[in-house]
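target_4.txt follows; it contains compact mmCIF, C-alpha atoms.
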```
# COMPACT_ATOMS: atom_id res chain seq x y z
CA MET R 126 -93.63 162.86 -20.05
CA LYS R 127 -94.51 166.53 -20.43
CA ILE R 128 -97.24 168.23 -18.41
CA ASN R 129 -99.89 169.81 -20.62
CA ILE R 130 -101.24 173.12 -19.34
CA LEU R 131 -104.17 175.03 -20.81
CA ASN R 132 -104.35 178.72 -19.86
CA LEU R 133 -107.95 179.80 -20.27
CA ILE R 134 -108.48 183.56 -20.24
CA THR R 135 -111.34 185.92 -21.13
CA GLY R 136 -109.36 187.67 -23.87
CA LEU R 137 -105.89 188.70 -24.99
CA GLY R 138 -106.20 192.45 -24.44
CA MET R 139 -103.60 194.72 -22.87
CA GLY R 140 -104.73 194.19 -19.27
CA GLY R 141 -102.56 193.10 -16.36
CA ALA R 142 -103.99 189.57 -16.26
CA GLU R 143 -103.17 189.03 -19.94
CA LYS R 144 -99.64 190.37 -19.47
CA ALA R 145 -99.15 188.09 -16.47
CA VAL R 146 -100.23 185.03 -18.48
CA LEU R 147 -97.87 186.05 -21.30
CA GLU R 148 -94.84 186.58 -19.06
CA ILE R 149 -95.37 183.35 -17.12
CA SER R 150 -96.04 181.28 -20.25
CA LYS R 151 -92.88 182.62 -21.91
CA LYS R 152 -90.72 181.31 -19.08
CA ILE R 153 -92.34 177.92 -18.43
CA PRO R 154 -89.65 175.39 -19.53
CA LYS R 155 -90.64 173.73 -22.81
CA ASP R 156 -88.66 170.61 -21.94
CA ASP R 157 -91.11 169.83 -19.13
CA PHE R 158 -94.37 171.50 -20.22
CA ASN R 159 -96.59 172.02 -23.22
CA VAL R 160 -98.38 175.34 -22.70
CA PHE R 161 -101.55 176.27 -24.59
CA ILE R 162 -103.47 179.56 -24.40
CA LEU R 163 -107.13 180.02 -25.31
CA GLY R 164 -108.69 183.48 -25.38
CA LEU R 165 -112.49 183.36 -25.24
CA SER R 166 -113.42 186.82 -26.56
CA ASN R 167 -112.34 188.83 -29.60
CA ARG R 168 -109.81 190.92 -27.64
CA ALA R 169 -106.50 190.28 -29.40
CA GLU R 170 -104.08 193.16 -28.77
CA LEU R 171 -101.47 190.83 -27.26
CA TYR R 172 -102.03 187.93 -29.66
CA ASN R 173 -98.92 188.70 -31.75
CA GLU R 174 -96.78 188.77 -28.60
CA PHE R 175 -97.93 185.25 -27.72
CA ILE R 176 -97.23 184.03 -31.25
CA LYS R 177 -93.86 185.80 -31.37
CA ASN R 178 -92.85 183.86 -28.27
CA ASP R 179 -93.79 180.56 -29.92
CA LEU R 180 -96.80 179.98 -27.67
CA ASN R 181 -99.65 177.81 -28.94
CA THR R 182 -102.43 180.40 -28.86
CA VAL R 183 -106.03 180.39 -30.12
CA ILE R 184 -108.65 183.17 -30.02
CA LEU R 185 -112.26 181.95 -30.08
CA ASN R 186 -113.92 185.32 -30.80
CA LYS R 187 -116.97 184.52 -28.68
CA THR R 188 -119.44 186.67 -26.75
CA ASN R 189 -121.20 186.12 -23.41
CA SER R 190 -124.33 184.73 -25.05
CA LEU R 191 -125.67 181.30 -24.04
CA LYS R 192 -125.19 180.02 -27.60
CA ASP R 193 -121.54 181.04 -27.61
CA PHE R 194 -121.03 179.63 -24.11
CA ILE R 195 -122.23 176.21 -25.31
CA GLU R 196 -119.95 176.46 -28.36
CA ILE R 197 -117.00 177.42 -26.13
CA VAL R 198 -117.55 174.44 -23.84
CA ASN R 199 -117.90 172.10 -26.81
CA TYR R 200 -114.72 173.43 -28.46
CA ILE R 201 -112.63 173.29 -25.29
CA ASN R 202 -113.91 169.84 -24.38
CA LYS R 203 -112.61 168.54 -27.73
CA PHE R 204 -109.41 170.56 -27.30
CA VAL R 205 -108.51 169.11 -23.89
CA ARG R 206 -109.08 165.57 -25.14
CA LYS R 207 -107.10 166.09 -28.34
CA HIS R 208 -104.12 167.58 -26.47
CA ASP R 209 -104.43 165.41 -23.36
CA ILE R 210 -104.61 168.48 -21.09
CA HIS R 211 -103.68 167.71 -17.49
CA ILE R 212 -104.31 171.11 -15.91
CA ILE R 213 -106.59 174.00 -16.86
CA HIS R 214 -105.45 177.31 -15.39
CA ALA R 215 -108.45 179.65 -15.57
CA HIS R 216 -107.84 183.38 -15.37
CA MET R 217 -110.78 185.58 -14.32
CA THR R 218 -114.42 184.67 -13.74
CA HIS R 219 -115.74 183.82 -17.21
CA ALA R 220 -112.84 181.45 -17.81
CA VAL R 221 -113.27 179.58 -14.53
CA ILE R 222 -116.99 179.07 -15.15
CA VAL R 223 -116.09 177.45 -18.48
CA ALA R 224 -113.33 175.42 -16.83
CA SER R 225 -115.81 174.12 -14.25
CA PHE R 226 -118.04 172.71 -16.98
CA ILE R 227 -115.02 171.08 -18.61
CA LYS R 228 -114.15 169.52 -15.24
CA LEU R 229 -117.63 167.97 -15.09
CA LEU R 230 -117.03 166.40 -18.49
CA ASN R 231 -113.43 165.41 -17.67
CA PRO R 232 -113.21 164.71 -13.92
CA HIS R 233 -109.51 163.80 -14.05
CA ILE R 234 -108.48 167.32 -15.12
CA LYS R 235 -107.09 169.62 -12.43
CA VAL R 236 -108.43 173.19 -12.36
CA VAL R 237 -106.49 176.19 -11.04
CA PHE R 238 -108.14 179.61 -10.73
CA THR R 239 -106.56 183.07 -10.55
CA SER R 240 -109.05 185.95 -10.33
CA HIS R 241 -106.43 188.74 -10.76
CA SER R 242 -108.67 191.26 -8.94
CA GLU R 243 -110.39 191.80 -5.62
CA ASN R 244 -113.57 192.74 -7.50
CA ILE R 245 -115.25 189.82 -9.26
CA GLY R 246 -117.91 192.03 -10.84
CA SER R 247 -121.14 191.22 -8.99
CA LYS R 248 -122.59 189.37 -6.00
CA ILE R 249 -124.07 186.79 -8.36
CA ARG R 250 -120.60 186.00 -9.71
CA GLU R 251 -119.25 185.69 -6.18
CA ILE R 252 -122.00 183.23 -5.24
CA LEU R 253 -121.39 181.30 -8.46
CA LEU R 254 -117.67 181.05 -7.66
CA PHE R 255 -118.58 179.82 -4.17
CA LEU R 256 -120.86 177.12 -5.61
CA LEU R 257 -118.18 176.04 -8.09
CA LYS R 258 -115.48 175.64 -5.43
CA PRO R 259 -115.72 171.81 -5.43
CA LEU R 260 -114.81 171.78 -9.14
CA ARG R 261 -111.56 173.67 -8.58
CA ASN R 262 -108.43 172.15 -7.12
CA VAL R 263 -106.42 175.23 -6.13
CA ASP R 264 -107.08 178.98 -6.12
CA ILE R 265 -104.17 181.38 -6.58
CA LEU R 266 -104.34 184.69 -4.71
CA LEU R 267 -102.11 187.66 -5.42
CA SER R 268 -102.06 188.30 -1.66
CA GLU R 269 -103.79 187.29 1.56
CA ARG R 270 -105.65 190.62 1.52
CA ILE R 271 -108.02 189.60 -1.25
CA LYS R 272 -109.17 186.30 0.23
CA LYS R 273 -112.97 186.15 0.28
CA PHE R 274 -115.66 183.61 1.06
CA PHE R 275 -115.63 182.12 -2.44
CA ILE R 276 -111.92 181.20 -2.31
CA LYS R 277 -111.06 177.57 -1.61
CA GLN R 278 -109.36 176.58 1.62
CA ARG R 279 -106.61 175.15 -0.53
CA TYR R 280 -105.06 178.27 -2.00
CA LYS R 281 -101.60 179.55 -2.85
CA ILE R 282 -100.26 183.08 -2.53
CA ILE R 283 -98.39 183.89 -5.74
CA PRO R 284 -98.04 187.60 -6.58
CA ASN R 285 -97.65 189.07 -10.05
CA GLY R 286 -94.12 189.52 -11.27
CA ILE R 287 -92.21 191.32 -14.01
CA ASP R 288 -88.83 191.17 -15.73
CA ILE R 289 -87.02 194.01 -13.98
CA ASN R 290 -84.33 194.24 -16.67
CA ILE R 291 -86.78 195.48 -19.31
CA TYR R 292 -87.25 198.73 -17.35
CA GLN R 293 -83.58 199.52 -16.73
CA ILE R 294 -83.36 202.25 -19.36
CA LYS R 295 -81.34 205.44 -19.09
CA LEU R 296 -83.42 208.15 -20.77
CA ARG R 297 -83.66 211.88 -20.29
CA LYS R 298 -86.88 212.93 -18.57
CA ASN R 299 -89.47 214.92 -20.52
CA SER R 300 -88.84 218.67 -20.45
CA VAL R 301 -92.29 219.24 -18.88
CA PHE R 302 -93.21 217.48 -15.62
CA THR R 303 -95.13 214.38 -16.71
CA PHE R 304 -97.64 212.25 -14.86
CA ILE R 305 -98.38 208.91 -16.48
CA ALA R 306 -101.20 206.39 -16.05
CA VAL R 307 -101.32 202.93 -17.61
CA GLY R 308 -104.56 200.97 -17.75
CA ARG R 309 -107.61 200.22 -19.85
CA LEU R 310 -110.10 203.06 -20.21
CA GLU R 311 -112.77 201.55 -17.98
CA LYS R 312 -114.56 202.61 -14.80
CA VAL R 313 -112.25 200.60 -12.53
CA LYS R 314 -109.20 202.68 -13.50
CA ASN R 315 -111.01 205.95 -12.66
CA HIS R 316 -109.28 208.09 -15.28
CA ILE R 317 -112.06 210.67 -15.05
CA GLU R 318 -110.74 211.57 -11.59
CA LEU R 319 -107.34 212.32 -13.12
CA LEU R 320 -108.94 214.60 -15.70
CA LYS R 321 -110.83 216.49 -13.01
CA ILE R 322 -107.63 216.97 -11.03
CA ALA R 323 -105.72 218.03 -14.14
CA ASN R 324 -108.36 220.65 -14.84
CA GLU R 325 -107.96 222.05 -11.31
CA LEU R 326 -104.15 221.99 -11.32
CA LYS R 327 -103.53 223.45 -14.77
CA ARG R 328 -104.11 226.98 -13.44
CA PHE R 329 -101.21 226.67 -11.00
CA TYR R 330 -98.76 224.16 -12.50
CA LYS R 331 -97.28 223.38 -15.88
CA PHE R 332 -97.41 219.62 -16.45
CA LYS R 333 -98.53 216.86 -18.78
CA LEU R 334 -100.74 213.85 -18.08
CA LEU R 335 -100.24 210.85 -20.36
CA ILE R 336 -102.80 208.05 -20.30
CA ILE R 337 -101.89 204.75 -21.96
CA GLY R 338 -104.69 202.33 -22.77
CA GLU R 339 -107.92 201.79 -24.67
CA GLY R 340 -111.46 201.03 -23.60
CA SER R 341 -115.15 201.83 -23.67
CA LEU R 342 -114.77 205.20 -21.92
CA ARG R 343 -112.46 206.77 -24.50
CA SER R 344 -115.19 208.97 -25.99
CA GLU R 345 -116.26 210.18 -22.55
CA LEU R 346 -112.67 211.11 -21.68
CA GLU R 347 -112.15 212.81 -25.05
CA ASN R 348 -115.31 214.87 -24.52
CA PHE R 349 -114.15 215.93 -21.05
CA ILE R 350 -110.74 216.95 -22.43
CA LYS R 351 -112.40 219.03 -25.14
CA GLU R 352 -115.02 220.58 -22.85
CA TYR R 353 -112.41 221.78 -20.35
CA SER R 354 -109.74 222.70 -22.92
CA LEU R 355 -107.24 220.13 -21.65
CA GLU R 356 -105.81 219.29 -25.08
CA ASN R 357 -102.42 220.81 -24.21
CA THR R 358 -102.27 219.08 -20.85
CA VAL R 359 -103.74 215.59 -21.25
CA LYS R 360 -102.87 213.10 -23.99
CA LEU R 361 -104.68 209.80 -24.56
CA LEU R 362 -101.96 207.66 -26.13
CA GLY R 363 -104.01 204.53 -26.79
CA LEU R 364 -102.28 201.14 -26.82
CA ARG R 365 -98.49 201.38 -26.90
CA ASN R 366 -95.64 198.91 -27.29
CA ASP R 367 -93.05 201.28 -25.81
CA VAL R 368 -94.38 201.46 -22.24
CA PRO R 369 -90.92 201.00 -20.61
CA LYS R 370 -89.60 204.04 -22.51
CA LEU R 371 -92.65 206.16 -21.73
CA LEU R 372 -92.41 205.28 -18.03
CA ASN R 373 -88.73 206.12 -17.88
CA LYS R 374 -89.24 209.53 -19.53
CA ALA R 375 -92.12 210.43 -17.20
CA HIS R 376 -91.79 211.86 -13.68
CA CYS R 377 -94.60 210.22 -11.70
CA PHE R 378 -96.98 207.27 -12.05
CA VAL R 379 -100.61 207.78 -10.97
CA MET R 380 -103.24 205.12 -10.25
CA PRO R 381 -106.57 206.33 -8.79
CA SER R 382 -108.22 202.91 -9.25
CA LEU R 383 -111.49 201.99 -7.56
CA TRP R 384 -110.38 198.36 -7.18
CA GLU R 385 -107.43 196.25 -8.28
CA GLY R 386 -105.60 192.98 -7.85
CA LEU R 387 -101.84 193.54 -7.87
CA PRO R 388 -101.41 195.78 -10.94
CA ILE R 389 -98.64 194.86 -13.36
CA SER R 390 -98.43 198.53 -14.37
CA LEU R 391 -97.64 199.53 -10.78
CA LEU R 392 -94.79 197.00 -10.68
CA GLU R 393 -93.59 198.39 -14.02
CA ALA R 394 -93.56 201.90 -12.56
CA GLY R 395 -91.65 200.68 -9.51
CA ALA R 396 -89.11 198.91 -11.73
CA SER R 397 -88.70 202.19 -13.65
CA ARG R 398 -87.85 204.01 -10.39
CA LEU R 399 -90.89 206.25 -10.80
CA PRO R 400 -92.60 207.89 -7.83
CA VAL R 401 -96.01 206.29 -7.43
CA ILE R 402 -99.31 207.81 -6.25
CA SER R 403 -102.02 205.19 -5.77
CA THR R 404 -105.26 204.45 -3.99
CA PRO R 405 -104.99 201.71 -1.30
CA VAL R 406 -107.06 199.05 -3.10
CA GLY R 407 -106.62 195.33 -3.74
CA SER R 408 -103.14 194.05 -2.94
CA ILE R 409 -101.44 197.40 -3.52
CA LEU R 410 -100.71 197.79 0.21
CA ASP R 411 -98.61 194.62 0.05
CA ILE R 412 -95.99 196.58 -1.84
CA CYS R 413 -96.79 200.28 -1.45
CA ASN R 414 -96.63 202.24 1.78
CA ASN R 415 -95.93 205.81 2.83
CA GLU R 416 -92.20 205.09 2.99
CA ASN R 417 -91.85 204.11 -0.66
CA SER R 418 -94.80 205.80 -2.38
CA TYR R 419 -97.85 208.00 -1.89
CA VAL R 420 -100.80 205.85 -0.83
CA THR R 421 -103.89 208.00 -0.68
CA GLU R 422 -107.66 208.03 -0.76
CA LEU R 423 -109.21 209.82 -3.71
CA ALA R 424 -110.05 212.88 -1.61
CA ASP R 425 -106.32 213.57 -1.17
CA PHE R 426 -105.10 212.43 -4.57
CA LYS R 427 -104.68 215.99 -5.89
CA LYS R 428 -102.81 217.04 -2.75
CA ASN R 429 -100.30 214.22 -3.27
CA MET R 430 -99.78 215.11 -6.93
CA MET R 431 -98.95 218.62 -5.75
CA LYS R 432 -96.56 217.22 -3.11
CA VAL R 433 -94.62 215.34 -5.77
CA MET R 434 -94.31 218.41 -8.00
CA ASN R 435 -93.35 220.66 -5.08
CA ASP R 436 -90.65 218.34 -3.69
CA TYR R 437 -89.61 215.99 -6.44
CA GLN R 438 -86.35 214.88 -4.83
CA HIS R 439 -88.26 213.52 -1.84
CA ALA R 440 -90.51 211.62 -4.26
CA VAL R 441 -87.45 210.19 -6.06
CA ASN R 442 -86.03 209.00 -2.74
CA LYS R 443 -89.28 207.15 -2.06
CA ALA R 444 -89.21 205.69 -5.56
CA MET R 445 -85.80 204.10 -4.95
CA LYS R 446 -87.23 202.24 -1.95
CA LEU R 447 -90.13 201.02 -4.08
CA PHE R 448 -87.69 199.88 -6.76
CA CYS R 449 -85.85 197.76 -4.21
CA ALA R 450 -89.12 196.21 -3.03
CA VAL R 451 -90.17 195.32 -6.58
CA LYS R 452 -86.74 193.90 -7.38
CA ASN R 453 -86.61 191.76 -4.24
CA LYS R 454 -90.19 190.46 -4.05
CA TYR R 455 -91.82 190.63 -7.49
CA SER R 456 -89.35 189.01 -9.86
CA ILE R 457 -90.96 187.10 -12.72
CA ASN R 458 -88.52 184.25 -12.12
CA TYR R 459 -89.85 183.70 -8.60
CA VAL R 460 -93.45 183.79 -9.83
CA VAL R 461 -92.72 181.24 -12.57
CA GLU R 462 -90.97 178.93 -10.09
CA GLN R 463 -94.05 178.97 -7.87
CA HIS R 464 -96.35 178.12 -10.79
CA ILE R 465 -94.09 175.28 -11.91
CA LYS R 466 -94.04 173.87 -8.38
CA LEU R 467 -97.85 173.96 -8.18
CA TYR R 468 -98.36 172.42 -11.63
CA LYS R 469 -95.99 169.54 -10.82
CA GLU R 470 -97.71 168.99 -7.48
CA LEU R 471 -101.13 168.74 -9.17
CA TYR R 472 -99.80 166.49 -11.93
CA ASN R 473 -98.30 164.11 -9.39
CA GLU R 474 -101.61 164.02 -7.50
CA GLN R 475 -103.42 163.23 -10.72
CA ASN R 476 -101.12 160.31 -11.52
CA SER R 477 -101.18 158.91 -8.01
CA ASN R 478 -104.97 158.49 -8.05
```
Structure translated into structure tokens:
Amino acid sequence: MKINILNLITGLGMGGAEKAVLEISKKIPKDDFNVFILGLSNRAELYNEFIKNDLNTVILNKTNSLKDFIEIVNYINKFVRKHDIHIIHAHMTHAVIVASFIKLLNPHIKVVFTSHSENIGSKIREILLFLLKPLRNVDILLSERIKKFFIKQRYKIIPNGIDINIYQIKLRKNSVFTFIAVGRLEKVKNHIELLKIANELKRFYKFKLLIIGEGSLRSELENFIKEYSLENTVKLLGLRNDVPKLLNKAHCFVMPSLWEGLPISLLEAGASRLPVISTPVGSILDICNNENSYVTELADFKKNMMKVMNDYQHAVNKAMKLFCAVKNKYSINYVVEQHIKLYKELYNEQNSN
């Protein structure tokens, strides 16, 4: 008999959590599992990728209103009964709150929770996650570093992973030194800091800064670029399907995030043999250190960007060490194996009761 898994996620945007769900779901063996994906919001940038990979995917197009929350719970309750769901894997806070209500209505269902970030969003959410602990069976952490009071004692460490082969592309680098950032245009990614640094450095260096992603701060970033005449230096590329190519043509990956989990985009940069400059947030220190990258507080971010431009060969040498770390420890195949092992363990527990 197959194990039926429902991946419940806030939306199907271009974020790291969504990409992780996609990559894991693609590789779960169909002979042993039926995998379903439900996106709660109207974010749908990755929807076609899920469909293209023959994944049973539904977008509910709901908001955070109480009315929509009740409709979500009602819909999913019918869904889990219709498809005889054994395990709900909830990704991020909104999804696990919904999953907890479904557990109350269907006590036999096992609930797994992956937060994907060290920052849950507010103290109220943290307290809510603490109160809902009894309704979850296992929490998945990207690393030991992000364990907090609201995480269950029964937890598994399973990092994010990527398919290294996708990033093994031989392309000529851009003619102008290129920094690249990948991430949604939201406060957490701190793109405004990159624009401020670009404005300071443009007087002394010739370079480009490419920013891939969309989000609520696009207008603010566009206004900054216009106000400080950065049009020839900074390009907002929006959502792109050719990220591996853009990474391979760039010279350095930059991530001045205020908080993180274990960013997929950082693993992608490592797999592309790109020098990485990053703030030491979330689980980043599990993979990045001063031997294989440039780990820096925001106050020294500009200084490290200058270091990379001034001595690029040294940066490339570091990048090769990071590539080896990503290849050895963050393979998507290992991550999928760990998820399969956990799902089977929970299914066997369910059937032994």
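When only C-alpha atoms are used to compute distances to Glu345 in chain R, the closest of the residues R:Ile184, R:Val433, R:Ile317, R:Val236 turns out to be R:Ile317.
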Nearby residues (all atoms listed in the file) at most 9 Å from His219 in chain R, same-chain spacing under 6 positions excluded, as a compact mmCIF listing (two decimals) with C-alpha atoms, in the coordinates of the input:
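Output file out-v3.txt follows:
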```
# COMPACT_ATOMS: atom_id res chain seq x y z
CA ILE R 134 -108.48 183.56 -20.24
CA THR R 135 -111.34 185.92 -21.13
CA LEU R 165 -112.49 183.36 -25.24
CA ASN R 189 -121.20 186.12 -23.41
```
What is the distance between CA of Ile153 in chain R and CA of Glu462 in chain R, in Å to one decimal?
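CA of Ile153 in chain R sits 8.5 Å away from CA of Glu462 in chain R.
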Hey, which of R:Ser300, R:Phe426, R:Ile409, R:Ser456 ends up closest to Lys321 in chain R? Count only C-alpha atoms.
R:Phe426
List as an MDAnalysis selection string the residues having at least one atom at most 9 Å from position (-103.5, 178.1, -28.2) as given in the file, counting all atoms listed in the file.
chainID R and resid 131:132 160:164 180:184
Which is closer to Leu372 in chain R than all the others in R:Leu342, R:Val441, R:Ile294, R:Ile210, using only C-alpha atoms?
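Checking each candidate against Leu372 in chain R, we get R:Ile294 as the closest.
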When you look at Glu269 in chain R with a cut-off of 9 Å (counting only C-alpha atoms), what residues show up, excluding the ones that are within fewer than 2 positions of it in the same chain? I need them as an mmCIF file with C-alpha atoms, in the coordinates of the input.
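Output file around-v4.cif is given in full below:
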```
data_model
loop_
_atom_site.group_PDB
_atom_site.id
_atom_site.type_symbol
_atom_site.label_atom_id
_atom_site.label_comp_id
_atom_site.auth_asym_id
_atom_site.auth_seq_id
_atom_site.Cartn_x
_atom_site.Cartn_y
_atom_site.Cartn_z
ATOM 1 C CA LEU R 266 -104.340 184.690 -4.710
ATOM 2 C CA LEU R 267 -102.110 187.660 -5.420
ATOM 3 C CA ILE R 271 -108.020 189.600 -1.250
ATOM 4 C CA LYS R 272 -109.170 186.300 0.230
ATOM 5 C CA ILE R 282 -100.260 183.080 -2.530
ATOM 6 C CA SER R 408 -103.140 194.050 -2.940
#
```
Point-to-point distance in Å for CA of Leu185 in chain R and CA of Asn202 in chain R:
13.5 Å
What separates CA of Ser382 in chain R and CA of Thr404 in chain R is a distance of 6.2 Å
Could you check the closest approach to Ile412 in chain R for each of R:Ser150, R:Asn285, R:Ser341, R:Gln438 and tell me which residue wins, using all atoms listed in the file?
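The closest residue to Ile412 in chain R is R:Asn285.
Closest approach to Val205 in chain R among R:Ser190, R:Gln293, R:Ser247, R:Asn129 is made by R:Asn129 (distances from only C-alpha atoms).
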Selection near Tyr459 in chain R, 12 Å with only C-alpha atoms, sequence-local residues under 3 positions removed, as a list in words
Glu148, Ile149, Lys152, Ile153, Ile283, Pro284, Asn285, Gly286, Ile287, Asp288, Ile289, Val451, Lys452, Asn453, Lys454, Tyr455, Ser456, Glu462, Gln463, His464, Ile465 and Lys466 of chain R
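The shortest atom-to-atom distance to Leu256 in chain R, with all atoms listed in the file taken into account, belongs to R:Lys277 out of R:Lys144, R:Arg270, R:Arg168, R:Lys277.
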Spatial sel., origin (-119.0, 182.7, -28.3), limit 10 Å, only C-alpha atoms, listed as a ChimeraX atom specification
/R:165-167,185-198
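Near Leu319 in chain R, within a cut-off of 10 Å and counting all atoms listed in the file, sit the residues Phe304, Ala306, Lys314, Asn315, His316, Ile317, Lys321, Ile322, Ala323, Asn324, Glu325, Leu334, Ile336, Val359, Val379, Met380, Pro381, Leu423, Phe426 and Lys427 of chain R, with same-chain residues fewer than 2 positions away left out.
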Which residues come within 7 Å of Gly141 in chain R, counting all atoms listed in the file, excluding same-chain residues fewer than 2 positions away, as a PyMOL selection string?
chain R and resi 139+143-145+388-389
